[in-house]
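A.B. asks: Sending over start17.tsv (TSV, C-alpha atoms).
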```
chain	number	residue	atom	x	y	z
A	455	MET	CA	28.08	-38.17	-58.69
A	456	VAL	CA	25.40	-40.84	-58.88
A	457	ALA	CA	26.40	-43.64	-61.25
A	458	LEU	CA	24.44	-43.41	-64.48
A	459	GLU	CA	24.06	-45.80	-67.36
A	460	PRO	CA	26.37	-44.89	-70.25
A	461	GLN	CA	23.81	-45.06	-73.09
A	462	TRP	CA	20.37	-43.41	-73.43
A	463	ASP	CA	17.72	-42.93	-76.08
A	464	VAL	CA	17.04	-39.31	-75.05
A	465	VAL	CA	18.95	-36.95	-72.77
A	466	VAL	CA	17.18	-33.68	-71.91
A	467	LEU	CA	19.37	-30.87	-70.59
A	468	GLY	CA	17.20	-28.53	-68.52
A	469	ALA	CA	14.20	-29.42	-66.34
A	470	GLY	CA	12.07	-26.35	-66.93
A	471	ILE	CA	8.67	-26.63	-68.56
A	472	ALA	CA	9.89	-27.63	-72.02
A	473	GLY	CA	12.48	-30.11	-70.75
A	474	SER	CA	10.21	-31.84	-68.24
A	475	ALA	CA	7.33	-32.02	-70.73
A	476	ALA	CA	9.63	-33.58	-73.34
A	477	ALA	CA	10.89	-36.10	-70.76
A	478	ILE	CA	7.29	-37.07	-69.91
A	479	LEU	CA	6.35	-37.59	-73.55
A	480	ALA	CA	9.57	-39.40	-74.50
A	481	SER	CA	9.16	-41.78	-71.55
A	482	GLN	CA	5.56	-42.46	-72.54
A	483	GLN	CA	6.88	-43.47	-75.97
A	484	GLY	CA	9.02	-46.11	-74.27
A	485	LEU	CA	12.27	-44.21	-74.80
A	486	LYS	CA	14.99	-44.52	-72.17
A	487	THR	CA	15.13	-40.91	-70.99
A	488	LEU	CA	17.43	-38.94	-68.69
A	489	LEU	CA	16.43	-35.45	-67.48
A	490	VAL	CA	19.33	-33.30	-66.24
A	491	GLU	CA	19.02	-30.01	-64.30
A	492	SER	CA	21.87	-27.73	-63.23
A	493	LYS	CA	19.93	-26.22	-60.30
A	494	THR	CA	18.84	-28.07	-57.17
A	495	PHE	CA	15.08	-28.57	-57.02
A	496	PRO	CA	12.78	-27.08	-55.93
A	497	ARG	CA	13.80	-23.66	-57.22
A	498	GLU	CA	12.07	-20.47	-58.23
A	499	LYS	CA	12.44	-18.99	-61.69
A	500	VAL	CA	11.57	-15.63	-63.22
A	501	CYS	CA	8.06	-16.06	-64.61
A	502	GLY	CA	4.66	-14.44	-64.34
A	503	GLY	CA	3.23	-17.90	-63.67
A	504	CYS	CA	0.07	-17.60	-65.81
A	505	LEU	CA	-1.07	-20.66	-67.72
A	506	ASN	CA	-3.30	-19.67	-70.63
A	507	LEU	CA	-5.74	-22.03	-72.35
A	508	ARG	CA	-3.11	-23.40	-74.75
A	509	ALA	CA	-0.78	-24.23	-71.86
A	510	GLN	CA	-3.59	-25.81	-69.86
A	511	ALA	CA	-4.54	-28.00	-72.81
A	512	SER	CA	-0.93	-29.19	-73.07
A	513	LEU	CA	-0.87	-29.99	-69.35
A	514	VAL	CA	-4.06	-32.02	-69.74
A	515	ARG	CA	-2.36	-34.10	-72.42
A	516	LEU	CA	0.65	-34.53	-70.12
A	517	GLY	CA	-1.57	-35.79	-67.31
A	518	ALA	CA	-0.40	-32.97	-65.02
A	519	ILE	CA	-3.31	-30.55	-64.78
A	520	GLU	CA	-5.01	-32.19	-61.79
A	521	GLY	CA	-1.83	-32.11	-59.72
A	522	ILE	CA	-1.41	-28.41	-60.45
A	523	GLY	CA	-4.95	-27.71	-59.32
A	524	SER	CA	-4.44	-29.76	-56.16
A	525	ALA	CA	-1.26	-27.79	-55.41
A	526	GLY	CA	-3.32	-24.60	-55.07
A	527	ALA	CA	-3.04	-22.97	-58.49
A	528	VAL	CA	-5.24	-19.85	-58.51
A	529	PRO	CA	-7.88	-19.40	-61.25
A	530	ILE	CA	-7.88	-16.02	-62.98
A	531	ASP	CA	-10.72	-14.84	-65.20
A	532	SER	CA	-10.23	-11.09	-65.30
A	533	MET	CA	-7.43	-8.68	-66.08
A	534	ARG	CA	-6.87	-5.05	-65.11
A	535	LEU	CA	-4.71	-3.50	-67.81
A	536	GLN	CA	-3.33	-0.09	-66.97
A	537	ILE	CA	-1.09	2.03	-69.20
A	538	LEU	CA	0.02	5.05	-67.20
A	539	ARG	CA	-3.35	6.38	-65.91
A	540	SER	CA	-5.52	4.75	-68.59
A	541	ARG	CA	-7.29	1.69	-67.23
A	542	ALA	CA	-9.39	-1.16	-68.56
A	543	ASP	CA	-11.00	-4.11	-66.76
A	544	TRP	CA	-11.57	-7.09	-69.04
A	545	GLN	CA	-12.90	-10.58	-68.65
A	546	VAL	CA	-10.46	-13.13	-70.06
A	547	PRO	CA	-10.63	-16.87	-70.70
A	548	ARG	CA	-9.79	-18.62	-67.46
A	549	MET	CA	-6.09	-18.79	-66.72
A	550	MET	CA	-4.28	-20.46	-63.83
A	551	SER	CA	-1.59	-18.83	-61.73
A	552	VAL	CA	1.10	-21.10	-60.30
A	553	ARG	CA	4.63	-20.59	-59.01
A	554	ARG	CA	7.35	-22.04	-61.19
A	555	SER	CA	8.81	-23.89	-58.22
A	556	THR	CA	5.46	-25.67	-57.87
A	557	LEU	CA	4.85	-26.27	-61.58
A	558	ASP	CA	8.34	-27.45	-62.48
A	559	THR	CA	8.55	-29.80	-59.49
A	560	LEU	CA	5.21	-31.39	-60.38
A	561	LEU	CA	6.30	-31.87	-64.00
A	562	VAL	CA	9.58	-33.50	-62.93
A	563	GLU	CA	7.65	-35.82	-60.62
A	564	ARG	CA	5.34	-36.68	-63.50
A	565	ALA	CA	8.34	-37.43	-65.74
A	566	VAL	CA	9.81	-39.78	-63.13
A	567	ALA	CA	6.42	-41.47	-62.69
A	568	CYS	CA	6.37	-42.06	-66.46
A	569	GLY	CA	9.78	-43.78	-66.30
A	570	ALA	CA	12.34	-41.00	-66.82
A	571	SER	CA	15.47	-40.74	-64.67
A	572	PHE	CA	16.21	-37.33	-63.09
A	573	VAL	CA	19.37	-35.76	-61.70
A	574	ASP	CA	19.57	-32.19	-60.39
A	575	GLY	CA	22.46	-30.03	-59.26
A	576	THR	CA	24.27	-31.37	-62.32
A	577	LEU	CA	25.60	-29.37	-65.26
A	578	GLY	CA	25.26	-31.10	-68.60
A	579	ARG	CA	27.20	-29.95	-71.67
A	580	LEU	CA	26.92	-31.16	-75.21
A	581	LEU	CA	30.32	-32.12	-76.58
A	582	ALA	CA	31.33	-31.53	-80.17
A	583	PRO	CA	31.46	-34.79	-82.15
A	584	GLU	CA	34.90	-36.26	-82.58
A	585	SER	CA	36.17	-37.17	-86.01
A	586	ASN	CA	36.26	-40.88	-85.20
A	587	GLN	CA	32.86	-40.91	-83.46
A	588	ASP	CA	30.07	-42.93	-85.07
A	589	ASN	CA	26.89	-41.16	-86.11
A	590	ALA	CA	24.60	-43.22	-83.86
A	591	SER	CA	24.86	-41.00	-80.77
A	592	ARG	CA	26.06	-37.73	-79.23
A	593	THR	CA	28.16	-37.33	-76.11
A	594	ILE	CA	27.16	-35.28	-73.05
A	595	ARG	CA	29.51	-34.42	-70.19
A	596	LEU	CA	27.86	-34.29	-66.77
A	597	GLN	CA	29.58	-32.36	-63.98
A	598	LYS	CA	28.68	-32.32	-60.28
A	599	ASN	CA	30.73	-31.48	-57.19
A	600	GLY	CA	33.96	-31.39	-59.16
A	601	GLU	CA	33.40	-34.81	-60.72
A	602	SER	CA	32.51	-35.50	-64.33
A	603	THR	CA	31.31	-38.37	-66.44
A	604	ASP	CA	30.48	-38.77	-70.12
A	605	ILE	CA	27.35	-40.46	-71.39
A	606	ALA	CA	25.96	-41.04	-74.88
A	607	SER	CA	22.47	-40.56	-76.28
A	608	LYS	CA	20.71	-41.16	-79.57
A	609	VAL	CA	19.01	-37.76	-79.19
A	610	VAL	CA	19.89	-34.69	-77.10
A	611	LEU	CA	17.31	-32.01	-76.31
A	612	ILE	CA	18.71	-28.64	-75.23
A	613	ALA	CA	16.16	-27.08	-72.86
A	614	SER	CA	18.53	-24.91	-70.84
A	615	GLY	CA	16.66	-21.64	-71.35
A	616	LEU	CA	17.73	-18.21	-72.53
A	617	THR	CA	21.37	-18.72	-71.59
A	618	ARG	CA	21.58	-22.09	-73.39
A	619	SER	CA	24.16	-23.02	-70.76
A	620	SER	CA	24.45	-26.54	-72.17
A	621	ILE	CA	25.94	-25.18	-75.42
A	622	SER	CA	26.90	-21.59	-74.52
A	623	GLN	CA	30.62	-22.18	-75.04
A	624	ASP	CA	30.08	-23.61	-78.52
A	625	ASP	CA	30.27	-20.89	-81.20
A	626	GLN	CA	28.62	-23.30	-83.61
A	627	TRP	CA	25.28	-22.24	-82.09
A	628	PRO	CA	25.03	-18.49	-82.75
A	629	ALA	CA	22.24	-16.43	-81.19
A	630	GLU	CA	20.99	-12.94	-81.96
A	631	ILE	CA	19.85	-10.68	-79.11
A	632	ALA	CA	17.61	-7.68	-79.83
A	633	SER	CA	19.48	-4.44	-79.15
A	634	ASN	CA	16.54	-2.94	-77.25
A	635	SER	CA	15.64	-6.07	-75.33
A	636	ARG	CA	14.35	-5.78	-71.81
A	637	ILE	CA	15.25	-8.11	-68.97
A	638	GLY	CA	12.86	-10.09	-66.81
A	639	VAL	CA	12.75	-9.64	-63.03
A	640	GLN	CA	10.62	-11.22	-60.33
A	641	CYS	CA	9.95	-11.48	-56.62
A	642	MET	CA	7.32	-13.01	-54.37
A	643	ILE	CA	5.63	-11.17	-51.52
A	644	PRO	CA	2.99	-12.41	-49.06
A	645	GLU	CA	-0.48	-11.44	-50.30
A	646	SER	CA	-1.08	-9.84	-46.89
A	647	ASP	CA	1.53	-7.19	-47.81
A	648	ALA	CA	-0.65	-5.91	-50.68
A	649	PRO	CA	-4.25	-7.08	-50.15
A	650	CYS	CA	-5.49	-4.65	-52.82
A	651	LEU	CA	-3.72	-6.79	-55.44
A	652	ALA	CA	-4.76	-10.18	-54.08
A	653	ASP	CA	-8.20	-9.92	-55.69
A	654	GLY	CA	-8.01	-12.78	-58.17
A	655	ARG	CA	-7.26	-10.50	-61.12
A	656	LEU	CA	-4.17	-10.31	-63.26
A	657	HIS	CA	-2.84	-6.76	-62.95
A	658	MET	CA	-0.78	-5.53	-65.90
A	659	LEU	CA	0.80	-2.10	-65.36
A	660	VAL	CA	2.71	-0.33	-68.14
A	661	GLY	CA	5.07	2.60	-67.51
A	662	THR	CA	7.92	4.34	-69.27
A	663	ASP	CA	10.57	1.94	-67.92
A	664	GLY	CA	8.73	-1.31	-68.67
A	665	TYR	CA	5.71	-3.21	-67.47
A	666	VAL	CA	4.77	-5.19	-64.36
A	667	GLY	CA	2.43	-8.15	-63.96
A	668	ILE	CA	1.02	-9.00	-60.54
A	669	CYS	CA	-1.26	-11.86	-59.57
A	670	LYS	CA	-2.10	-14.06	-56.63
A	671	THR	CA	-0.50	-17.49	-56.79
A	672	ASP	CA	-0.37	-20.70	-54.78
A	673	GLY	CA	0.81	-20.72	-51.19
A	674	GLY	CA	-0.62	-17.31	-50.30
A	675	TRP	CA	1.89	-15.33	-52.36
A	676	LEU	CA	1.74	-12.53	-54.89
A	677	ASP	CA	3.90	-13.07	-57.96
A	678	ILE	CA	5.41	-9.76	-59.13
A	679	ALA	CA	7.08	-10.18	-62.52
A	680	ALA	CA	8.29	-7.40	-64.80
A	681	ALA	CA	10.06	-6.70	-68.07
A	682	ILE	CA	12.20	-3.59	-67.58
A	683	ASP	CA	14.81	-1.63	-69.50
A	684	PRO	CA	18.32	-2.45	-68.24
A	685	LEU	CA	19.38	1.21	-68.43
A	686	SER	CA	16.57	2.09	-66.05
A	687	ILE	CA	18.26	0.09	-63.30
A	688	HIS	CA	21.33	2.32	-63.61
A	689	ARG	CA	19.15	5.41	-63.85
A	690	TRP	CA	17.02	4.74	-60.76
A	691	GLY	CA	19.44	2.69	-58.71
A	692	SER	CA	17.99	-0.82	-58.37
A	693	ILE	CA	15.38	-3.26	-59.67
A	694	PRO	CA	12.82	-2.56	-56.91
A	695	GLN	CA	13.14	1.18	-57.49
A	696	VAL	CA	12.36	0.72	-61.20
A	697	VAL	CA	9.34	-1.47	-60.40
A	698	GLU	CA	8.14	1.02	-57.78
A	699	ARG	CA	8.42	3.83	-60.33
A	700	ILE	CA	6.23	1.92	-62.80
A	701	LEU	CA	3.63	1.30	-60.10
A	702	LEU	CA	3.58	4.98	-59.11
A	703	GLU	CA	3.23	6.07	-62.76
A	704	CYS	CA	0.11	3.92	-62.91
A	705	GLY	CA	-1.34	5.47	-59.77
A	706	MET	CA	-0.65	2.45	-57.59
A	707	GLY	CA	-0.07	3.27	-53.93
A	708	PRO	CA	3.22	2.36	-52.24
A	709	ILE	CA	3.85	-1.38	-51.92
A	710	ALA	CA	6.43	-2.81	-49.57
A	711	LEU	CA	8.71	-4.38	-52.18
A	712	PRO	CA	11.60	-6.60	-51.10
A	713	GLY	CA	15.17	-5.31	-51.22
A	714	LYS	CA	17.28	-5.70	-54.33
A	715	ASP	CA	18.94	-8.91	-53.09
A	716	GLN	CA	15.59	-10.73	-53.10
A	717	TRP	CA	14.83	-10.26	-56.79
A	718	LEU	CA	15.57	-12.78	-59.53
A	719	ALA	CA	16.61	-11.53	-62.96
A	720	THR	CA	17.11	-12.91	-66.47
A	721	PRO	CA	19.46	-11.93	-69.27
A	722	SER	CA	17.98	-10.08	-72.25
A	723	LEU	CA	14.58	-11.54	-73.09
A	724	THR	CA	14.09	-10.95	-76.82
A	725	ARG	CA	16.45	-13.17	-78.81
A	726	HIS	CA	16.51	-16.03	-81.23
A	727	SER	CA	18.90	-18.85	-82.03
A	728	GLN	CA	20.08	-18.77	-85.61
A	729	LYS	CA	20.40	-22.55	-85.59
A	730	VAL	CA	18.11	-24.82	-83.57
A	731	SER	CA	19.22	-28.28	-84.66
A	732	GLU	CA	22.12	-30.33	-85.87
A	733	ARG	CA	22.73	-34.06	-86.05
A	734	ARG	CA	20.77	-35.70	-83.22
A	735	VAL	CA	20.45	-32.40	-81.29
A	736	PHE	CA	17.37	-30.17	-80.98
A	737	LEU	CA	16.79	-26.93	-79.10
A	738	ILE	CA	13.40	-26.60	-77.40
A	739	GLY	CA	11.66	-24.04	-75.20
A	740	ASP	CA	13.33	-20.72	-74.50
A	741	ALA	CA	16.58	-22.02	-76.01
A	742	ILE	CA	14.97	-21.60	-79.45
A	743	GLY	CA	14.20	-17.94	-78.90
A	744	TYR	CA	11.95	-15.62	-76.95
A	745	VAL	CA	9.90	-12.48	-77.22
A	746	GLU	CA	8.74	-10.42	-74.25
A	747	PRO	CA	5.66	-12.24	-72.93
A	748	PHE	CA	2.39	-10.70	-71.90
A	749	THR	CA	-0.06	-13.20	-70.39
A	750	GLY	CA	1.69	-16.56	-70.20
A	751	GLU	CA	2.60	-17.08	-73.85
A	752	GLY	CA	6.15	-18.14	-72.98
A	753	MET	CA	4.98	-21.26	-71.14
A	754	SER	CA	2.56	-22.24	-73.91
A	755	TRP	CA	5.37	-21.87	-76.49
A	756	ALA	CA	7.65	-24.05	-74.37
A	757	LEU	CA	5.05	-26.79	-74.05
A	758	ALA	CA	4.27	-26.63	-77.77
A	759	SER	CA	7.93	-27.17	-78.64
A	760	ALA	CA	8.13	-30.22	-76.38
A	761	GLU	CA	5.06	-31.79	-77.95
A	762	SER	CA	6.20	-31.01	-81.48
A	763	VAL	CA	9.69	-32.50	-81.15
A	764	ILE	CA	8.51	-35.90	-79.89
A	765	PRO	CA	7.47	-37.36	-83.28
A	766	VAL	CA	10.89	-36.44	-84.68
A	767	ILE	CA	12.90	-38.04	-81.88
A	768	SER	CA	10.66	-41.12	-81.88
A	769	GLU	CA	11.45	-41.54	-85.55
A	770	ILE	CA	15.18	-41.21	-84.85
A	771	ALA	CA	15.04	-43.75	-82.02
A	772	SER	CA	13.20	-46.24	-84.24
A	773	HIS	CA	14.82	-45.75	-87.63
A	774	GLY	CA	17.98	-43.72	-87.10
A	775	TRP	CA	19.00	-40.27	-88.24
A	776	GLU	CA	18.08	-39.09	-91.71
A	777	ASP	CA	19.27	-36.02	-93.58
A	778	GLY	CA	16.66	-33.33	-93.48
A	779	MET	CA	15.58	-33.80	-89.86
A	780	SER	CA	17.45	-30.68	-88.77
A	781	ASP	CA	15.79	-28.72	-91.56
A	782	ARG	CA	12.38	-29.90	-90.36
A	783	TRP	CA	13.02	-28.55	-86.89
A	784	ASN	CA	14.48	-25.31	-88.19
A	785	ASP	CA	11.32	-24.85	-90.29
A	786	TRP	CA	9.10	-25.53	-87.26
A	787	ALA	CA	10.99	-22.98	-85.14
A	788	PHE	CA	10.78	-20.36	-87.90
A	789	ARG	CA	7.00	-20.81	-88.19
A	790	GLN	CA	6.66	-20.61	-84.42
A	791	GLN	CA	8.62	-17.36	-84.23
A	792	ARG	CA	6.97	-15.80	-87.27
A	793	HIS	CA	3.35	-16.61	-86.51
A	794	LYS	CA	2.83	-17.64	-82.88
A	795	GLN	CA	5.04	-14.87	-81.46
A	796	ARG	CA	3.84	-12.14	-83.81
A	797	THR	CA	1.25	-10.70	-81.40
A	798	CYS	CA	3.72	-10.47	-78.51
A	799	ARG	CA	6.28	-8.83	-80.78
A	800	TRP	CA	3.68	-6.23	-81.81
A	801	ILE	CA	2.60	-5.58	-78.20
A	802	ALA	CA	6.21	-5.28	-77.00
A	803	GLY	CA	6.83	-2.61	-79.63
A	804	ARG	CA	3.68	-0.62	-78.80
A	805	ILE	CA	4.15	-0.47	-75.05
A	806	ARG	CA	7.61	1.02	-75.39
A	807	TRP	CA	5.65	4.19	-76.14
A	808	PRO	CA	3.08	4.09	-73.33
A	809	ARG	CA	1.32	7.35	-74.22
A	810	GLY	CA	0.52	6.04	-77.69
A	811	ALA	CA	-0.32	2.61	-76.27
A	812	ALA	CA	-2.83	4.27	-73.95
A	813	TRP	CA	-4.75	5.39	-77.05
A	814	VAL	CA	-4.74	1.80	-78.33
A	815	LEU	CA	-6.16	0.72	-74.98
A	816	GLN	CA	-8.95	3.29	-75.28
A	817	ALA	CA	-9.68	2.08	-78.82
A	818	CYS	CA	-10.07	-1.47	-77.46
A	819	ASN	CA	-12.56	-0.16	-74.92
A	820	TRP	CA	-14.53	1.74	-77.57
A	821	PHE	CA	-14.51	-1.04	-80.16
A	822	PRO	CA	-15.39	-4.44	-78.59
A	823	PRO	CA	-14.34	-6.60	-81.62
A	824	LEU	CA	-10.82	-5.17	-81.38
A	825	ARG	CA	-10.75	-5.95	-77.66
A	826	ALA	CA	-12.01	-9.48	-78.29
A	827	SER	CA	-9.30	-10.09	-80.90
A	828	PHE	CA	-6.60	-8.86	-78.53
A	829	ILE	CA	-7.83	-11.10	-75.72
A	830	ARG	CA	-8.13	-14.12	-78.01
A	831	ARG	CA	-4.60	-13.75	-79.33
A	832	THR	CA	-2.95	-13.33	-75.91
A	833	SER	CA	-5.05	-15.48	-73.60
A	834	GLN	CA	-6.27	-18.49	-75.58
```
Before anything else, please render the file you have as structure tokens.
C.D. replies:
Amino acid sequence: MVALEPQWDVVVLGAGIAGSAAAILASQQGLKTLLVESKTFPREKVCGGCLNLRAQASLVRLGAIEGIGSAGAVPIDSMRLQILRSRADWQVPRMMSVRRSTLDTLLVERAVACGASFVDGTLGRLLAPESNQDNASRTIRLQKNGESTDIASKVVLIASGLTRSSISQDDQWPAEIASNSRIGVQCMIPESDAPCLADGRLHMLVGTDGYVGICKTDGGWLDIAAAIDPLSIHRWGSIPQVVERILLECGMGPIALPGKDQWLATPSLTRHSQKVSERRVFLIGDAIGYVEPFTGEGMSWALASAESVIPVISEIASHGWEDGMSDRWNDWAFRQQRHKQRTCRWIAGRIRWPRGAAWVLQACNWFPPLRASFIRRTSQ
């Protein structure tokens, strides 16, 4: 393991969007920041890859938007939404499609350029405070290649995603998973394998077993991401068979999907952490909670959490911990889940009944203000 300094202002566990964004902002505040990632970069991750206007605005503030454009991110300004055989073609505010391997690597590079230190292939775990430990820091154990070392930090940000692997063995951080939650799955195929889908549109296809999003992305690939019912995998045999069934229900011709070993998958998507902060520790990004996404909301939520936590940790670094800081972050997370995720929660419930959802789609076509409201809430 690379020798690391024993004391930090901020340690961020997880170098996804939320973690890297927080590392950028903390470093820009002059805080001594360490970003830790369990996977070896670059790596793919299950994600539809669409950056809506909120996410793009955050990336502008992070100084990362130009690099993403230069890397070949694909602009998207229209969406084909299909629920079974009902179809609608809508113009949407311009989104950008980018692979997570591209986006996350660029954000890590930006964090390092801003002064953060980065280690990958390293598992970081938050340790419970010892009775004789002072209140000025928390301890993190880093493990790599069978070796381990302990470091201390004034603030720890848990950005380790749905699994919360940095705290998953600590029952002091309970989480609630929705009983009917779907799982996320994804693969990449060359755009030449399905030229009918490489048309610059976001294709959203809803069937009885879930929904599939398909769009062109950087590097000449098509990103195929889906939220599917876990029981459907057992019913139809494999992830690609479930996705193929959804495509066929929507009248899509056969597509040469990769075999089951080439798909990535997530645990249950819809969940929330019942506690998102304790002394000097804050959960950000997907670790806070998640609702099935539709057009890139997950990434905008992650970026929003990174930006919102920075004033709190700057205050801690400057003036120390004060009672009530955990409550402030719990209140922020509650507002985020209640208001910002409300539209996705409503959509996720409707499309579980695709025949009824098809009527909602027709109503949006017949009544333009309703369509405009839907687009504004999911794309801006």
A.B. asks: Taking a cut-off of 8 Å and counting only C-alpha atoms, can you build a table that, for each residue of region 478-544 of chain A near region 689-711 of chain A, reports the nearest atom pair and how far apart they are in Å (one decimal), sorted by chain then residue number, as JSON lines?
C.D. replies:
```
{"residue": "A:Gln536", "atom": "CA", "partner": "A:Cys704", "partner_atom": "CA", "distance": 6.7}
{"residue": "A:Ile537", "atom": "CA", "partner": "A:Cys704", "partner_atom": "CA", "distance": 6.7}
{"residue": "A:Leu538", "atom": "CA", "partner": "A:Cys704", "partner_atom": "CA", "distance": 4.4}
{"residue": "A:Arg539", "atom": "CA", "partner": "A:Cys704", "partner_atom": "CA", "distance": 5.2}
```
A.B. asks: Skip Lys598 (chain A) itself and residues of its chain fewer than 4 positions away, then list as a list in words all residues within 8 Å of it, counting all atoms listed in the file.
C.D. replies: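 Skipping anything fewer than 4 positions along the chain leaves Met455, Gly575, Thr576, Leu577 and Ser602 of chain A.
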A.B. asks: Given the choices A:Ile682, A:Arg618, A:Asp677, A:Arg515, which gets closest to Asp663 (chain A) if the distance is worked out from all atoms listed in the file?
C.D. replies: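 Using all atoms listed in the file, Asp663 (chain A) sits closest to A:Ile682.
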A.B. asks: So how many Å separate CA of Ser492 (chain A) and CA of Ala741 (chain A), to one decimal?
C.D. replies: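 For CA of Ser492 (chain A) relative to CA of Ala741 (chain A), the distance reads 15.0 Å.
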A.B. asks: For region 773-786 of chain A, please output as a VMD selection string all residues within 10 Å (counting all atoms listed in the file; exclusion window: fewer than 3 positions along the same chain).
C.D. replies: chain A and resid 589 to 591 608 to 609 727 to 738 742 759 762 to 763 766 to 770 789 to 792
A.B. asks: Figure out the distance between CA of Val528 (chain A) and CA of Met550 (chain A), please, to one decimal in Å.
C.D. replies: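 CA of Val528 (chain A) lies at a distance of 5.4 Å from CA of Met550 (chain A).
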A.B. asks: Check the smallest atom-to-atom distance from each of A:Ile678, A:Ala760, A:Ala469, A:Ala582 to Asp558 (chain A) using all atoms listed in the file, then report the winner.
C.D. replies: A:Ala469
A.B. asks: Quick one: distance from CA of Pro583 (chain A) to CA of Ile621 (chain A) in Å, one decimal?
C.D. replies: 13.0 Å
A.B. asks: At a cut-off of 6 Å, using all atoms listed in the file, what residues contact region 654-658 of chain A? Leave out same-chain residues fewer than 3 positions from it and give the result as a PDB file with C-alpha atoms, in the coordinates of the input.
C.D. replies:
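File written: part.pdb
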```pdb
ATOM      1  CA  ILE A 530      -7.880 -16.020 -62.980  1.00  0.00           C
ATOM      2  CA  SER A 532     -10.230 -11.090 -65.300  1.00  0.00           C
ATOM      3  CA  MET A 533      -7.430  -8.680 -66.080  1.00  0.00           C
ATOM      4  CA  ARG A 534      -6.870  -5.050 -65.110  1.00  0.00           C
ATOM      5  CA  LEU A 535      -4.710  -3.500 -67.810  1.00  0.00           C
ATOM      6  CA  VAL A 666       4.770  -5.190 -64.360  1.00  0.00           C
ATOM      7  CA  GLY A 667       2.430  -8.150 -63.960  1.00  0.00           C
ATOM      8  CA  ILE A 668       1.020  -9.000 -60.540  1.00  0.00           C
ATOM      9  CA  CYS A 669      -1.260 -11.860 -59.570  1.00  0.00           C
TER      10      CYS A 669
END
```
A.B. asks: Need the shell around Gln640 (chain A): protein/DNA/RNA residues with any atom at most 7 Å away, counting only C-alpha atoms. Skip same-chain ones fewer than 6 positions apart. Format as JSON, numbers by chain?
C.D. replies: {"A": [500, 501, 678, 679, 680, 717, 718, 719]}
A.B. asks: Taking a cut-off of 12 Å and counting all atoms listed in the file, can you build a table that, for each residue of region 600-624 of chain A near region 479-489 of chain A, reports the nearest atom pair and how far apart they are in Å (one decimal), sorted by chain then residue number, as a Markdown table?
C.D. replies:
```
| residue | atom | partner | partner_atom | distance |
| --- | --- | --- | --- | --- |
| A:Ile605 | CA | A:Leu488 | CA | 10.4 |
| A:Ala606 | CA | A:Leu488 | CA | 10.7 |
| A:Ser607 | CA | A:Thr487 | CA | 9.1 |
| A:Lys608 | CA | A:Lys486 | CA | 9.9 |
| A:Val609 | CA | A:Thr487 | CA | 9.6 |
| A:Val610 | CA | A:Leu488 | CA | 9.7 |
| A:Leu611 | CA | A:Leu489 | CA | 9.5 |
| A:Ile612 | CA | A:Leu489 | CA | 10.6 |
| A:Ala613 | CA | A:Leu489 | CA | 10.0 |
| A:Ser614 | CA | A:Leu489 | CA | 11.3 |
```
A.B. asks: Would you list the contacts of Glu491 (chain A) as number ranges by chain, taking every protein, DNA or RNA residue within 12 Å and counting only C-alpha atoms, but skipping same-chain residues closer than 6 positions in sequence?
C.D. replies: A: 465-471, 473-474, 497, 558-559, 562, 571-579, 596-598, 612-615, 619-620
A.B. asks: For each of A:Gly713, A:Gly739, A:Gly810, A:Gly517, take the minimum atom-to-atom distance to Met642 (chain A), counting only C-alpha atoms, then give the residue where this is smallest.
C.D. replies: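 Checking each of A:Gly713, A:Gly739, A:Gly810, A:Gly517 against Met642 (chain A), counting only C-alpha atoms, the winner is A:Gly713.
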A.B. asks: Identify the residues within 8 Å of coordinate (11.1, -15.7, -78.0) (same frame as the file), considering only C-alpha atoms, and give the answer as a PDB file with C-alpha atoms, in the frame of the given file.
C.D. replies:
```pdb
ATOM      1  CA  LEU A 723      14.580 -11.540 -73.090  1.00  0.00           C
ATOM      2  CA  THR A 724      14.090 -10.950 -76.820  1.00  0.00           C
ATOM      3  CA  ARG A 725      16.450 -13.170 -78.810  1.00  0.00           C
ATOM      4  CA  HIS A 726      16.510 -16.030 -81.230  1.00  0.00           C
ATOM      5  CA  ASP A 740      13.330 -20.720 -74.500  1.00  0.00           C
ATOM      6  CA  ILE A 742      14.970 -21.600 -79.450  1.00  0.00           C
ATOM      7  CA  GLY A 743      14.200 -17.940 -78.900  1.00  0.00           C
ATOM      8  CA  TYR A 744      11.950 -15.620 -76.950  1.00  0.00           C
ATOM      9  CA  VAL A 745       9.900 -12.480 -77.220  1.00  0.00           C
ATOM     10  CA  GLU A 746       8.740 -10.420 -74.250  1.00  0.00           C
ATOM     11  CA  GLY A 752       6.150 -18.140 -72.980  1.00  0.00           C
ATOM     12  CA  GLN A 791       8.620 -17.360 -84.230  1.00  0.00           C
ATOM     13  CA  GLN A 795       5.040 -14.870 -81.460  1.00  0.00           C
TER      14      GLN A 795
END
```
A.B. asks: Using only C-alpha atoms, pick whichever of A:Gln816, A:Ser551, A:Ser540, A:Gln461 has the shortest atom-to-atom distance to Leu676 (chain A).
C.D. replies: A:Ser551
A.B. asks: Using only C-alpha atoms, which of A:Ser646, A:Leu651, A:Glu498, A:Ser827 sits nearest Gln716 (chain A)?
C.D. replies: A:Glu498
